[in-house]
file protein14.txt (compact mmCIF, C-alpha atoms and all ligand atoms)
# COMPACT_ATOMS: atom_id res chain seq x y z
CA MET R 1 0.00 0.00 0.00
CA ALA R 2 1.18 3.49 -0.77
CA ASP R 3 2.03 5.60 2.28
CA PHE R 4 2.44 9.27 1.51
CA ALA R 5 3.75 10.32 4.94
CA LEU R 6 7.28 11.59 4.26
CA ASN R 7 9.91 10.03 6.49
CA GLU R 8 12.50 11.99 8.50
CA ASP R 9 15.14 11.82 5.73
CA GLN R 10 12.68 13.05 3.11
CA LEU R 11 11.53 15.92 5.32
CA GLN R 12 15.13 16.98 5.88
CA LEU R 13 15.90 16.77 2.18
CA GLN R 14 12.78 18.77 1.36
CA LYS R 15 13.90 21.52 3.74
CA TRP R 16 17.49 21.44 2.43
CA VAL R 17 16.39 21.88 -1.21
CA HIS R 18 13.86 24.52 -0.16
CA ASP R 19 16.56 26.52 1.66
CA PHE R 20 18.78 26.43 -1.44
CA ALA R 21 15.85 27.47 -3.63
CA GLU R 22 14.93 30.32 -1.30
CA THR R 23 18.37 31.71 -0.50
CA VAL R 24 20.40 30.98 -3.66
CA ILE R 25 17.97 30.57 -6.57
CA ARG R 26 15.10 33.00 -5.94
CA PRO R 27 17.26 36.11 -5.44
CA VAL R 28 18.84 35.67 -8.91
CA ALA R 29 15.92 34.16 -10.83
CA HIS R 30 14.84 37.42 -12.47
CA GLU R 31 18.41 38.28 -13.49
CA TRP R 32 19.04 34.92 -15.25
CA ASP R 33 15.64 35.05 -16.93
CA GLU R 34 16.53 38.46 -18.38
CA ARG R 35 20.03 37.32 -19.41
CA GLU R 36 18.74 34.17 -21.13
CA GLU R 37 21.99 32.41 -20.36
CA PHE R 38 22.85 29.12 -18.71
CA PRO R 39 23.44 29.93 -15.01
CA PHE R 40 26.80 28.17 -14.59
CA PRO R 41 27.63 29.86 -11.23
CA ILE R 42 24.37 28.63 -9.67
CA VAL R 43 24.79 25.10 -11.03
CA GLN R 44 28.34 25.22 -9.64
CA GLN R 45 26.94 26.14 -6.20
CA ALA R 46 24.43 23.30 -6.48
CA ALA R 47 27.32 20.92 -7.32
CA GLU R 48 29.29 22.15 -4.29
CA ILE R 49 26.51 21.21 -1.86
CA GLY R 50 25.74 17.94 -3.69
CA LEU R 51 22.40 18.98 -5.19
CA TYR R 52 23.78 18.79 -8.75
CA GLY R 53 25.47 15.43 -9.22
CA TRP R 54 24.90 11.82 -10.12
CA GLU R 55 25.07 10.75 -6.46
CA PHE R 56 22.07 12.94 -5.67
CA LEU R 57 20.10 11.38 -8.50
CA MET R 58 21.23 7.86 -7.56
CA ASN R 59 20.23 8.31 -3.89
CA ALA R 60 16.88 9.80 -4.86
CA ASN R 61 16.24 6.94 -7.28
CA ALA R 62 17.14 4.36 -4.63
CA ASP R 63 14.23 5.49 -2.45
CA PRO R 64 11.68 2.64 -2.43
CA SER R 65 8.73 5.00 -1.97
CA GLY R 66 9.68 6.94 -5.13
CA LEU R 67 8.73 10.22 -3.42
CA THR R 68 12.21 11.65 -2.77
CA LEU R 69 12.73 12.85 -6.34
CA PRO R 70 9.36 14.60 -6.88
CA VAL R 71 9.58 16.18 -3.42
CA SER R 72 13.04 17.61 -4.22
CA ILE R 73 12.06 18.75 -7.71
CA GLU R 74 8.96 20.57 -6.44
CA GLU R 75 11.12 22.64 -4.09
CA LEU R 76 13.76 23.32 -6.75
CA PHE R 77 11.20 24.56 -9.27
CA TRP R 78 9.43 26.53 -6.55
CA GLY R 79 12.71 28.48 -6.52
CA ASP R 80 12.83 29.00 -10.29
CA ALA R 81 11.99 26.82 -13.27
CA GLY R 82 14.70 28.11 -15.64
CA ILE R 83 17.46 27.53 -13.10
CA GLY R 84 15.69 24.35 -11.98
CA MET R 85 15.92 23.02 -15.55
CA ALA R 86 19.58 23.99 -15.71
CA ILE R 87 20.11 21.82 -12.62
CA MET R 88 17.79 18.98 -13.71
CA GLY R 89 18.50 18.97 -17.49
CA SER R 90 21.30 16.42 -17.27
CA ALA R 91 18.95 13.97 -15.56
CA LEU R 92 17.18 13.28 -18.85
CA ALA R 93 20.45 12.16 -20.44
CA ALA R 94 21.16 10.07 -17.33
CA ALA R 95 17.69 8.51 -17.57
CA GLY R 96 18.32 7.72 -21.25
CA ILE R 97 21.52 5.93 -20.29
CA ALA R 98 19.97 4.14 -17.31
CA GLY R 99 16.96 3.03 -19.40
CA ASN R 100 18.90 1.64 -22.35
CA GLY R 101 22.53 1.09 -21.31
CA THR R 102 24.38 -1.93 -19.96
CA PRO R 103 25.47 -1.78 -16.28
CA GLU R 104 29.02 -0.96 -17.48
CA GLN R 105 27.76 1.90 -19.66
CA VAL R 106 25.67 3.25 -16.78
CA VAL R 107 28.72 3.31 -14.50
CA GLU R 108 30.94 4.87 -17.16
CA TRP R 109 28.66 7.56 -18.58
CA ILE R 110 26.16 8.79 -15.99
CA PRO R 111 28.88 10.35 -13.78
CA GLN R 112 30.23 12.10 -16.89
CA CYS R 113 26.86 13.79 -17.41
CA TYR R 114 27.54 15.65 -14.15
CA GLY R 115 31.29 15.90 -13.55
CA ASP R 116 32.01 17.04 -10.00
CA ALA R 117 32.22 20.23 -7.95
CA LYS R 118 35.70 20.94 -9.39
CA LYS R 119 34.53 20.59 -12.99
CA VAL R 120 30.80 20.66 -13.58
CA GLN R 121 29.71 18.75 -16.71
CA LEU R 122 26.38 18.55 -18.49
CA GLY R 123 24.37 15.91 -20.30
CA ALA R 124 21.82 16.31 -23.13
CA PHE R 125 19.18 13.86 -24.37
CA CYS R 126 18.71 14.36 -28.11
CA VAL R 127 15.54 12.89 -29.56
CA SER R 128 13.39 15.62 -31.15
CA GLU R 129 14.01 16.85 -34.67
CA PRO R 130 12.58 19.70 -36.75
CA ASP R 131 10.08 17.24 -38.32
CA ALA R 132 9.70 14.77 -35.47
CA GLY R 133 8.63 15.87 -32.00
CA SER R 134 5.54 14.01 -30.84
CA ASP R 135 6.02 11.54 -33.69
CA VAL R 136 9.23 10.03 -32.39
CA SER R 137 8.93 7.07 -34.77
CA SER R 138 9.76 9.37 -37.72
CA LEU R 139 13.28 10.35 -36.70
CA ARG R 140 15.51 11.09 -39.69
CA THR R 141 18.86 11.11 -37.91
CA ARG R 142 20.68 8.04 -39.19
CA ALA R 143 23.16 5.77 -37.50
CA VAL R 144 25.19 3.60 -39.88
CA TYR R 145 27.57 0.92 -38.66
CA ASP R 146 31.11 0.99 -40.06
CA GLU R 147 32.08 -2.60 -39.38
CA ALA R 148 35.72 -2.24 -40.50
CA ASN R 149 36.39 0.35 -37.81
CA ASP R 150 33.76 -0.78 -35.27
CA GLU R 151 32.29 2.72 -35.31
CA TRP R 152 28.82 4.21 -35.70
CA VAL R 153 28.44 7.19 -38.02
CA LEU R 154 25.70 9.64 -37.02
CA ASN R 155 24.14 12.20 -39.37
CA GLY R 156 21.16 14.49 -38.81
CA THR R 157 19.83 17.53 -36.96
CA LYS R 158 18.25 17.48 -33.53
CA ALA R 159 15.90 20.30 -32.48
CA TRP R 160 14.93 21.81 -29.10
CA ILE R 161 17.64 20.07 -27.13
CA THR R 162 18.07 21.06 -23.49
CA ASN R 163 21.82 21.64 -22.97
CA GLY R 164 22.30 20.92 -26.69
CA GLY R 165 25.80 21.79 -27.87
CA ILE R 166 26.99 22.92 -24.42
CA ALA R 167 26.72 19.42 -22.94
CA ASP R 168 29.76 17.22 -22.40
CA VAL R 169 27.81 14.02 -23.03
CA HIS R 170 25.09 13.91 -25.70
CA VAL R 171 22.79 10.89 -25.81
CA VAL R 172 21.47 10.67 -29.37
CA VAL R 173 18.51 8.57 -30.51
CA ALA R 174 18.86 7.67 -34.20
CA ALA R 175 17.33 5.39 -36.82
CA VAL R 176 19.40 2.31 -37.64
CA GLU R 177 16.69 0.81 -39.83
CA PRO R 178 14.25 3.61 -40.72
CA ASP R 179 11.75 1.17 -42.31
CA LEU R 180 11.16 -0.34 -38.88
CA LYS R 181 10.16 3.12 -37.56
CA GLY R 182 10.46 3.27 -33.74
CA ARG R 183 11.53 -0.37 -33.51
CA GLY R 184 14.52 0.35 -35.72
CA GLN R 185 16.00 3.03 -33.47
CA ALA R 186 18.86 2.94 -31.00
CA SER R 187 20.54 5.32 -28.53
CA PHE R 188 24.19 6.35 -28.73
CA ILE R 189 26.58 8.15 -26.44
CA VAL R 190 28.53 10.96 -28.09
CA PRO R 191 31.49 11.37 -25.72
CA PRO R 192 33.05 14.74 -24.83
CA GLY R 193 35.32 16.15 -27.54
CA THR R 194 33.90 14.02 -30.37
CA LYS R 195 34.32 15.57 -33.83
CA GLY R 196 31.27 16.11 -36.04
CA ILE R 197 28.84 17.27 -33.35
CA SER R 198 28.08 20.98 -33.01
CA GLN R 199 25.49 23.41 -31.76
CA GLY R 200 23.09 24.89 -34.31
CA GLN R 201 20.84 27.81 -33.47
CA LYS R 202 20.20 28.64 -29.82
CA TYR R 203 16.47 29.29 -29.37
CA LYS R 204 15.11 32.46 -27.77
CA LYS R 205 12.28 31.23 -25.60
CA HIS R 206 8.98 32.33 -24.01
CA GLY R 207 9.93 30.87 -20.60
CA ILE R 208 12.54 28.82 -18.70
CA ARG R 209 14.98 31.21 -20.30
CA ALA R 210 17.90 30.35 -18.00
CA SER R 211 17.78 26.84 -19.44
CA HIS R 212 19.79 26.44 -22.65
CA THR R 213 17.86 25.02 -25.62
CA ALA R 214 19.49 24.58 -29.02
CA GLU R 215 19.79 22.56 -32.19
CA VAL R 216 22.42 19.84 -32.32
CA VAL R 217 23.98 19.08 -35.70
CA LEU R 218 25.56 15.69 -36.39
CA ASP R 219 27.79 15.70 -39.45
CA ASP R 220 29.56 12.38 -40.01
CA CYS R 221 29.93 12.14 -36.28
CA ARG R 222 31.81 8.91 -35.50
CA VAL R 223 31.49 7.18 -32.13
CA PRO R 224 33.08 3.89 -31.04
CA GLY R 225 30.98 0.71 -31.23
CA SER R 226 30.98 0.65 -27.42
CA CYS R 227 28.86 3.83 -27.46
CA LEU R 228 25.78 1.99 -28.69
CA LEU R 229 23.63 1.80 -25.56
CA GLY R 230 22.73 -1.78 -24.71
CA GLY R 231 25.36 -3.20 -27.07
CA LYS R 232 25.36 -4.59 -30.63
CA ALA R 233 24.15 -8.11 -29.82
CA LYS R 234 21.01 -6.78 -28.13
CA LEU R 235 20.30 -4.37 -30.99
CA ASP R 236 20.82 -7.09 -33.64
CA ALA R 237 18.41 -9.39 -31.81
CA LYS R 238 15.84 -6.61 -31.48
CA LEU R 239 16.08 -5.70 -35.17
CA ALA R 240 15.81 -9.35 -36.22
CA ARG R 241 12.64 -9.79 -34.14
CA ALA R 242 11.18 -6.57 -35.51
CA ARG R 243 11.91 -7.63 -39.11
CA GLU R 244 10.31 -11.01 -38.52
CA LEU R 245 7.25 -9.97 -36.58
CA GLY R 246 6.87 -6.35 -37.62
CA HIS R 247 7.46 -5.43 -34.00
CA SER R 248 9.92 -6.42 -31.31
CA GLY R 249 7.71 -6.34 -28.26
CA GLU R 250 10.09 -3.76 -26.85
CA LYS R 251 9.41 -0.07 -26.43
CA GLN R 252 11.22 2.61 -28.42
CA PRO R 253 14.32 3.78 -26.53
CA ALA R 254 13.09 7.36 -26.25
CA MET R 255 9.65 6.31 -25.04
CA THR R 256 11.10 4.20 -22.22
CA THR R 257 12.97 7.26 -20.98
CA PHE R 258 10.01 9.64 -21.19
CA GLU R 259 7.66 7.26 -19.36
CA ALA R 260 10.04 6.98 -16.46
CA THR R 261 10.55 10.73 -16.11
CA ARG R 262 6.92 11.90 -16.36
CA PRO R 263 6.15 12.19 -12.61
CA SER R 264 9.32 14.30 -12.27
CA VAL R 265 8.15 16.64 -15.03
CA GLY R 266 4.81 16.90 -13.24
CA ALA R 267 6.70 17.84 -10.06
CA GLN R 268 8.46 20.65 -11.94
CA ALA R 269 5.11 22.14 -12.96
CA LEU R 270 3.80 21.65 -9.42
CA GLY R 271 6.67 23.69 -7.95
CA ILE R 272 5.86 26.61 -10.27
CA ALA R 273 2.13 26.41 -9.48
CA ARG R 274 2.77 26.42 -5.74
CA ALA R 275 5.09 29.42 -6.01
CA ALA R 276 2.41 31.42 -7.84
CA TYR R 277 -0.37 30.31 -5.48
CA GLU R 278 1.57 31.24 -2.34
CA PHE R 279 2.48 34.63 -3.76
CA ALA R 280 -1.11 35.34 -4.84
CA LEU R 281 -2.50 34.24 -1.46
CA ASP R 282 -0.19 36.60 0.45
CA TYR R 283 -0.93 39.40 -1.97
CA ALA R 284 -4.70 38.91 -1.71
CA LYS R 285 -4.54 39.28 2.08
CA GLU R 286 -2.62 42.59 1.80
CA ARG R 287 -4.12 44.33 -1.22
CA LYS R 288 -7.23 46.33 -0.42
CA THR R 289 -10.02 47.48 -2.74
CA PHE R 290 -13.34 48.95 -1.69
CA GLY R 291 -12.15 49.07 1.91
CA LYS R 292 -11.25 45.40 2.37
CA PRO R 293 -8.52 42.92 1.43
CA ILE R 294 -9.29 41.48 -2.00
CA ILE R 295 -9.41 37.96 -0.54
CA MET R 296 -12.63 39.08 1.18
CA HIS R 297 -14.20 39.33 -2.26
CA GLN R 298 -15.57 35.89 -2.98
CA ALA R 299 -14.42 35.98 -6.62
CA ILE R 300 -10.80 36.15 -5.48
CA ALA R 301 -11.19 33.79 -2.50
CA PHE R 302 -12.80 31.10 -4.68
CA LYS R 303 -10.03 31.41 -7.25
CA LEU R 304 -7.51 30.76 -4.46
CA ALA R 305 -9.61 27.87 -3.13
CA ASN R 306 -9.57 26.29 -6.60
CA MET R 307 -5.84 26.86 -6.94
CA ALA R 308 -5.15 25.13 -3.60
CA THR R 309 -7.42 22.20 -4.51
CA GLU R 310 -5.92 21.69 -7.96
CA ILE R 311 -2.36 21.89 -6.61
CA ASP R 312 -3.07 19.24 -3.98
CA ALA R 313 -4.79 17.03 -6.57
CA SER R 314 -1.75 17.34 -8.84
CA ARG R 315 0.62 16.42 -6.02
CA LEU R 316 -1.39 13.33 -5.15
CA LEU R 317 -1.33 12.16 -8.77
CA ILE R 318 2.43 12.78 -8.97
CA TRP R 319 3.15 10.96 -5.74
CA ARG R 320 0.93 8.05 -6.78
CA ALA R 321 2.72 7.80 -10.13
CA ALA R 322 6.15 8.06 -8.49
CA TRP R 323 5.16 5.34 -6.01
CA LEU R 324 3.77 3.09 -8.76
CA ALA R 325 6.91 3.55 -10.85
CA ARG R 326 8.82 1.84 -8.00
CA ASN R 327 6.08 -0.51 -6.87
CA GLY R 328 4.46 -2.46 -9.65
CA GLY R 329 4.47 -0.03 -12.55
CA PHE R 330 1.84 2.05 -14.35
CA LYS R 331 -1.38 0.33 -15.39
CA ASN R 332 -3.68 3.08 -16.64
CA GLY R 333 -1.20 5.69 -17.83
CA GLU R 334 -0.74 7.07 -14.29
CA GLY R 335 2.64 8.64 -15.19
CA SER R 336 1.01 10.52 -18.05
CA MET R 337 -1.99 11.46 -15.89
CA SER R 338 0.31 13.10 -13.34
CA LYS R 339 2.28 15.07 -15.93
CA TYR R 340 -0.85 16.08 -17.85
CA LYS R 341 -2.75 17.24 -14.78
CA ALA R 342 0.12 19.09 -13.12
CA SER R 343 1.19 20.96 -16.24
CA GLU R 344 -2.33 22.08 -17.17
CA VAL R 345 -2.90 23.12 -13.54
CA ALA R 346 0.35 25.09 -13.51
CA VAL R 347 -0.72 27.08 -16.58
CA ARG R 348 -4.14 27.82 -15.06
CA VAL R 349 -2.88 28.62 -11.57
CA THR R 350 -0.18 30.99 -12.81
CA GLU R 351 -2.72 32.73 -15.04
CA ASP R 352 -5.10 33.10 -12.08
CA ALA R 353 -2.22 34.47 -10.03
CA ILE R 354 -1.68 37.19 -12.65
CA GLN R 355 -5.40 37.99 -12.46
CA ILE R 356 -5.26 38.26 -8.67
CA LEU R 357 -2.35 40.69 -8.84
CA GLY R 358 -4.07 42.77 -11.52
CA GLY R 359 -1.66 45.17 -13.23
CA TYR R 360 1.14 44.10 -10.88
CA GLY R 361 0.76 40.58 -12.18
CA TYR R 362 1.49 41.68 -15.70
CA ILE R 363 4.78 43.53 -15.20
CA ARG R 364 8.26 42.09 -14.85
CA ASP R 365 8.90 43.72 -11.46
CA TYR R 366 6.86 40.88 -9.98
CA PRO R 367 7.67 37.19 -10.55
CA VAL R 368 4.16 36.08 -11.42
CA GLU R 369 4.31 36.76 -15.17
CA ARG R 370 7.60 34.84 -15.30
CA TRP R 371 6.00 31.85 -13.56
CA HIS R 372 3.20 31.91 -16.15
CA ARG R 373 5.74 31.90 -19.00
CA ASP R 374 7.72 29.12 -17.29
CA ALA R 375 4.64 26.96 -16.64
CA LYS R 376 3.63 26.73 -20.31
CA ILE R 377 6.55 24.57 -21.45
CA HIS R 378 5.28 21.74 -19.27
CA THR R 379 2.27 21.21 -21.54
CA ILE R 380 4.68 20.85 -24.48
CA PHE R 381 7.93 19.04 -23.70
CA GLU R 382 8.38 15.38 -22.76
CA GLY R 383 5.08 14.68 -24.46
CA THR R 384 2.48 17.39 -25.12
CA SER R 385 -0.82 17.35 -23.21
CA GLU R 386 -2.46 15.78 -26.26
CA ILE R 387 0.12 12.99 -26.33
CA GLN R 388 -0.45 12.36 -22.61
CA GLN R 389 -4.18 12.07 -23.32
CA LEU R 390 -3.37 9.62 -26.10
CA VAL R 391 -1.25 7.48 -23.77
CA ILE R 392 -3.98 7.49 -21.11
CA ALA R 393 -6.71 6.73 -23.66
CA ARG R 394 -4.74 3.77 -25.01
CA ALA R 395 -3.99 2.49 -21.52
CA ILE R 396 -7.59 2.62 -20.28
CA SER R 397 -9.11 1.24 -23.50
CA GLY R 398 -6.48 -1.21 -24.65
CA MET R 399 -7.21 0.18 -28.14
CA ARG R 400 -4.81 1.86 -30.54
CA VAL R 401 -6.46 5.32 -30.35
CA GLU R 402 -4.81 7.58 -32.98
C1 LIG U 501 12.25 24.35 -24.15
C2 LIG U 501 12.22 23.00 -24.78
C3 LIG U 501 13.08 22.01 -24.34
C4 LIG U 501 13.07 20.77 -24.94
N1 LIG U 501 14.00 19.82 -24.56
C5 LIG U 501 14.11 18.68 -25.27
C6 LIG U 501 15.19 17.76 -25.02
O1 LIG U 501 16.03 17.98 -24.13
N2 LIG U 501 15.29 16.65 -25.80
C7 LIG U 501 14.39 16.39 -26.78
O2 LIG U 501 14.55 15.37 -27.45
N3 LIG U 501 13.37 17.23 -27.05
C8 LIG U 501 13.20 18.37 -26.33
N4 LIG U 501 12.18 19.24 -26.60
C9 LIG U 501 11.24 18.92 -27.69
C10 LIG U 501 9.84 18.61 -27.21
O3 LIG U 501 9.81 17.36 -26.58
C11 LIG U 501 8.90 18.71 -28.43
O4 LIG U 501 8.79 20.07 -28.77
C12 LIG U 501 7.54 18.12 -28.14
O5 LIG U 501 7.63 16.73 -28.03
C13 LIG U 501 6.52 18.47 -29.20
O6 LIG U 501 6.99 18.20 -30.48
P1 LIG U 501 6.85 19.28 -31.66
O7 LIG U 501 7.35 20.56 -31.12
O8 LIG U 501 7.46 18.73 -32.87
O9 LIG U 501 5.27 19.42 -31.86
P2 LIG U 501 4.37 18.48 -32.80
O10 LIG U 501 4.66 17.07 -32.53
O11 LIG U 501 4.48 18.96 -34.19
O12 LIG U 501 2.93 18.82 -32.24
C14 LIG U 501 2.21 19.99 -32.64
C15 LIG U 501 0.81 19.93 -32.02
O13 LIG U 501 0.11 18.79 -32.53
C16 LIG U 501 -0.34 17.97 -31.47
N5 LIG U 501 -0.28 16.56 -31.91
C17 LIG U 501 0.75 15.92 -32.51
N6 LIG U 501 0.45 14.63 -32.73
C18 LIG U 501 -0.80 14.45 -32.24
C19 LIG U 501 -1.68 13.33 -32.15
N7 LIG U 501 -1.33 12.10 -32.58
N8 LIG U 501 -2.89 13.51 -31.58
C20 LIG U 501 -3.25 14.72 -31.11
N9 LIG U 501 -2.47 15.82 -31.16
C21 LIG U 501 -1.26 15.67 -31.71
C22 LIG U 501 0.63 18.25 -30.34
O14 LIG U 501 0.07 17.92 -29.09
C23 LIG U 501 0.86 19.74 -30.49
O15 LIG U 501 -0.22 20.45 -29.91
C24 LIG U 501 12.15 20.48 -25.98
C25 LIG U 501 11.26 21.48 -26.40
C26 LIG U 501 11.29 22.72 -25.84
C27 LIG U 501 10.36 23.78 -26.37

call {"tool": "encode", "arguments": {"input": "protein14.txt", "output": "structure tokens"}}
result
Amino acid sequence: MADFALNEDQLQLQKWVHDFAETVIRPVAHEWDEREEFPFPIVQQAAEIGLYGWEFLMNANADPSGLTLPVSIEELFWGDAGIGMAIMGSALAAAGIAGNGTPEQVVEWIPQCYGDAKKVQLGAFCVSEPDAGSDVSSLRTRAVYDEANDEWVLNGTKAWITNGGIADVHVVVAAVEPDLKGRGQASFIVPPGTKGISQGQKYKKHGIRASHTAEVVLDDCRVPGSCLLGGKAKLDAKLARARELGHSGEKQPAMTTFEATRPSVGAQALGIARAAYEFALDYAKERKTFGKPIIMHQAIAFKLANMATEIDASRLLIWRAAWLARNGGFKNGEGSMSKYKASEVAVRVTEDAIQILGGYGYIRDYPVERWHRDAKIHTIFEGTSEIQQLVIARAISGMRVE
């Protein structure tokens, strides 16, 4: 049975992350949003206290209740989502390695996605392309095996990649046999310093502007055979099964990663929603119109009541999904439900917070408009809201809803 009472260690961790978010992240959040640059000094500080690092991720993932990670992420993103993404962005690459790599590859490459406090490193997970976002089965990036040299040659362009081009380790999902669509894909490590990989355009974004998002261009990029995640024998067997049966019975590499990380993405959205709700609640008690605090007007009080209810509902879905991910797995698309609900709630709650602040909600002197901009990405990346609905619909019906 799920037990959502946090234990002593989790409560301490929650407070520790909250303190960092409050004292280090919040005071500089506006500045990094305006600069639209990767906040290396803040990530460095996070590495110094052990908040940015593979050990943190490993410890959080070892928690049998599954709650440690979402609890930490909620606090981090309560501090700021752009800086939060800068700190959490490497985790997607790590999840891609953990989901598809051999134990040896996991041990070799996940630490390199983080480096250490002396030399911070970054990881990037490169799936999306200009013509393939939701439709991951249509990737055009090709991986061709050069048997004589035991190397894989990667060619293509990846779009919208968090930490793309500035990462030390890029995990690239590419088509080995395009005719087999998703079943013909594999994941590859592109180690630091590899020739043939470069950053394309850096995107100017609506929100999470402290997080770096860019194109990644692969131009005859050669990686050793050992960089194929899972190894050649496993890939050959998978391709043979797919050719024979038309499917392999295994999930696409990118999909496996996204499923596992969905409750964490929900927790990111939750942190933003809570930040906006708390700010709006305090404001509504102070701001007076017509001789009374605006919270005494039912229209405002009910908005806040709905915000509190929706935030708690989101947290319960996230915690349930995180618990299920460790204890038996998802049955009815619970990971997608948690991400879908929390991200839609974050957009609504941050919009309501702007409304509660009136004109002050709309200007950059106050953080609420930034939270609204930051919330929106959560209905788009790691599966749009429509794709989450598709996953849930398929899970509950057992039918291939298109
Ligand atoms: C800031 C940012 C960071 C990102 N980071 C990464 C990253 O690190 N790595 C990575 O690989 N990708 C990353 N992405 C890419 C992101 O995952 C994609 O943008 C997302 O999956 C949507 O793909 P798309 O943009 O091609 O939209 P499309 O797939 O073209 O979708 C357009 C619209 O059509 C809808 N739609 C599509 N198919 C269906 C369907 N079958 N049924 C109903 N509706 C449908 C979608 O929901 C959406 O509303 C990032 C994107 C952004 C903006």

call {"tool": "atom_distance", "arguments": {"input": "protein14.txt", "atom1": "CA of Gln121 (chain R)", "atom2": "CA of Val169 (chain R)"}}
result
8.1 Å

call {"tool": "closest_residue", "arguments": {"input": "protein14.txt", "among": "R:Asp282, R:Asp135, R:Glu31, R:Asp9", "to": "ligand LIG 501 (chain U)", "atoms": "all atoms listed in the file"}}
result
R:Asp135

call {"tool": "residues_near_ligand", "arguments": {"input": "protein14.txt", "ligand": "ligand LIG 501 (chain U)", "cutoff": "6 Å", "atoms": "only C-alpha atoms and all ligand atoms", "output": "list of chain:residue names"}}
result
R:Phe125, R:Cys126, R:Val127, R:Ser128, R:Ala132, R:Gly133, R:Ser134, R:Asp135, R:Trp160, R:Ile161, R:Thr162, R:Thr213, R:Ile380, R:Phe381, R:Glu382, R:Gly383, R:Thr384, R:Ser385, R:Glu386, R:Ile387, R:Glu402

call {"tool": "atom_distance", "arguments": {"input": "protein14.txt", "atom1": "CA of Val153 (chain R)", "atom2": "CA of Val223 (chain R)"}}
result
6.6 Å

call {"tool": "closest_residue", "arguments": {"input": "protein14.txt", "among": "R:Glu55, R:Glu344, R:Glu286, R:Glu177", "to": "Ile272 (chain R)", "atoms": "all atoms listed in the file"}}
result
R:Glu344

call {"tool": "atom_distance", "arguments": {"input": "protein14.txt", "atom1": "CA of Gln199 (chain R)", "atom2": "CA of His170 (chain R)"}}
result
11.3 Å

call {"tool": "residues_around", "arguments": {"input": "protein14.txt", "residues": "Ala93 (chain R)", "least_positions_apart": "4", "cutoff": "7 Å", "atoms": "only C-alpha atoms", "output": "list in words"}}
result
Ile97, Gly123, Ala124, Phe125 and Val171 of chain R

call {"tool": "residues_around", "arguments": {"input": "protein14.txt", "residues": "Tyr277 (chain R)", "least_positions_apart": "5", "cutoff": "7 Å", "atoms": "all atoms listed in the file", "output": "list in words"}}
result
Met307, Val349 and Ala353 of chain R

call {"tool": "write_last_selection", "arguments": {"input": "protein14.txt", "atoms": "C-alpha atoms", "output": "tab-separated table (two decimals), keeping the file's coordinate frame"}}
result
chain	number	residue	atom	x	y	z
R	307	MET	CA	-5.84	26.86	-6.94
R	349	VAL	CA	-2.88	28.62	-11.57
R	353	ALA	CA	-2.22	34.47	-10.03

call {"tool": "residues_near_point", "arguments": {"input": "protein14.txt", "point": "(-1.7, 39.5, -5.8)", "cutoff": "12 Å", "atoms": "only C-alpha atoms", "output": "ChimeraX atom specification"}}
result
/R:276-289,293-295,300-301,303-304,350-362,366-369

call {"tool": "closest_residue", "arguments": {"input": "protein14.txt", "among": "R:Thr261, R:Ala62, R:Ile363, R:Gly230", "to": "Thr102 (chain R)", "atoms": "all atoms listed in the file"}}
result
R:Gly230

call {"tool": "residues_near_point", "arguments": {"input": "protein14.txt", "point": "(12.3, 37.7, -12.0)", "cutoff": "10 Å", "atoms": "all atoms listed in the file", "output": "NGL selection string"}}
result
:R and (26-34 or 80 or 364-371)

call {"tool": "residues_around", "arguments": {"input": "protein14.txt", "residues": "Thr194 (chain R)", "least_positions_apart": "4", "cutoff": "12 Å", "atoms": "all atoms listed in the file", "output": "compact mmCIF listing (two decimals) with C-alpha atoms, in the coordinates of the input"}}
result
# COMPACT_ATOMS: atom_id res chain seq x y z
CA VAL R 153 28.44 7.19 -38.02
CA LEU R 154 25.70 9.64 -37.02
CA GLY R 165 25.80 21.79 -27.87
CA ALA R 167 26.72 19.42 -22.94
CA ASP R 168 29.76 17.22 -22.40
CA VAL R 169 27.81 14.02 -23.03
CA HIS R 170 25.09 13.91 -25.70
CA ILE R 189 26.58 8.15 -26.44
CA VAL R 190 28.53 10.96 -28.09
CA SER R 198 28.08 20.98 -33.01
CA LEU R 218 25.56 15.69 -36.39
CA ASP R 219 27.79 15.70 -39.45
CA ASP R 220 29.56 12.38 -40.01
CA CYS R 221 29.93 12.14 -36.28
CA ARG R 222 31.81 8.91 -35.50
CA VAL R 223 31.49 7.18 -32.13
CA PRO R 224 33.08 3.89 -31.04
CA CYS R 227 28.86 3.83 -27.46

call {"tool": "residues_around", "arguments": {"input": "protein14.txt", "residues": "Gly231 (chain R)", "least_positions_apart": "4", "cutoff": "10 Å", "atoms": "only C-alpha atoms", "output": "VMD selection string"}}
result
chain R and resid 100 to 102 105 186 to 188 225 to 227 235 to 236

call {"tool": "residues_around", "arguments": {"input": "protein14.txt", "residues": "Val391 (chain R)", "least_positions_apart": "4", "cutoff": "8 Å", "atoms": "all atoms listed in the file", "output": "number ranges by chain"}}
result
R: 333, 336, 387, 395

call {"tool": "closest_residue", "arguments": {"input": "protein14.txt", "among": "R:Gly156, R:Gly66, R:Pro103, R:Gly335", "to": "Val173 (chain R)", "atoms": "all atoms listed in the file"}}
result
R:Gly156

call {"tool": "closest_residue", "arguments": {"input": "protein14.txt", "among": "R:Arg326, R:Tyr203, R:Gly291, R:Val216", "to": "Ala260 (chain R)", "atoms": "all atoms listed in the file"}}
result
R:Arg326
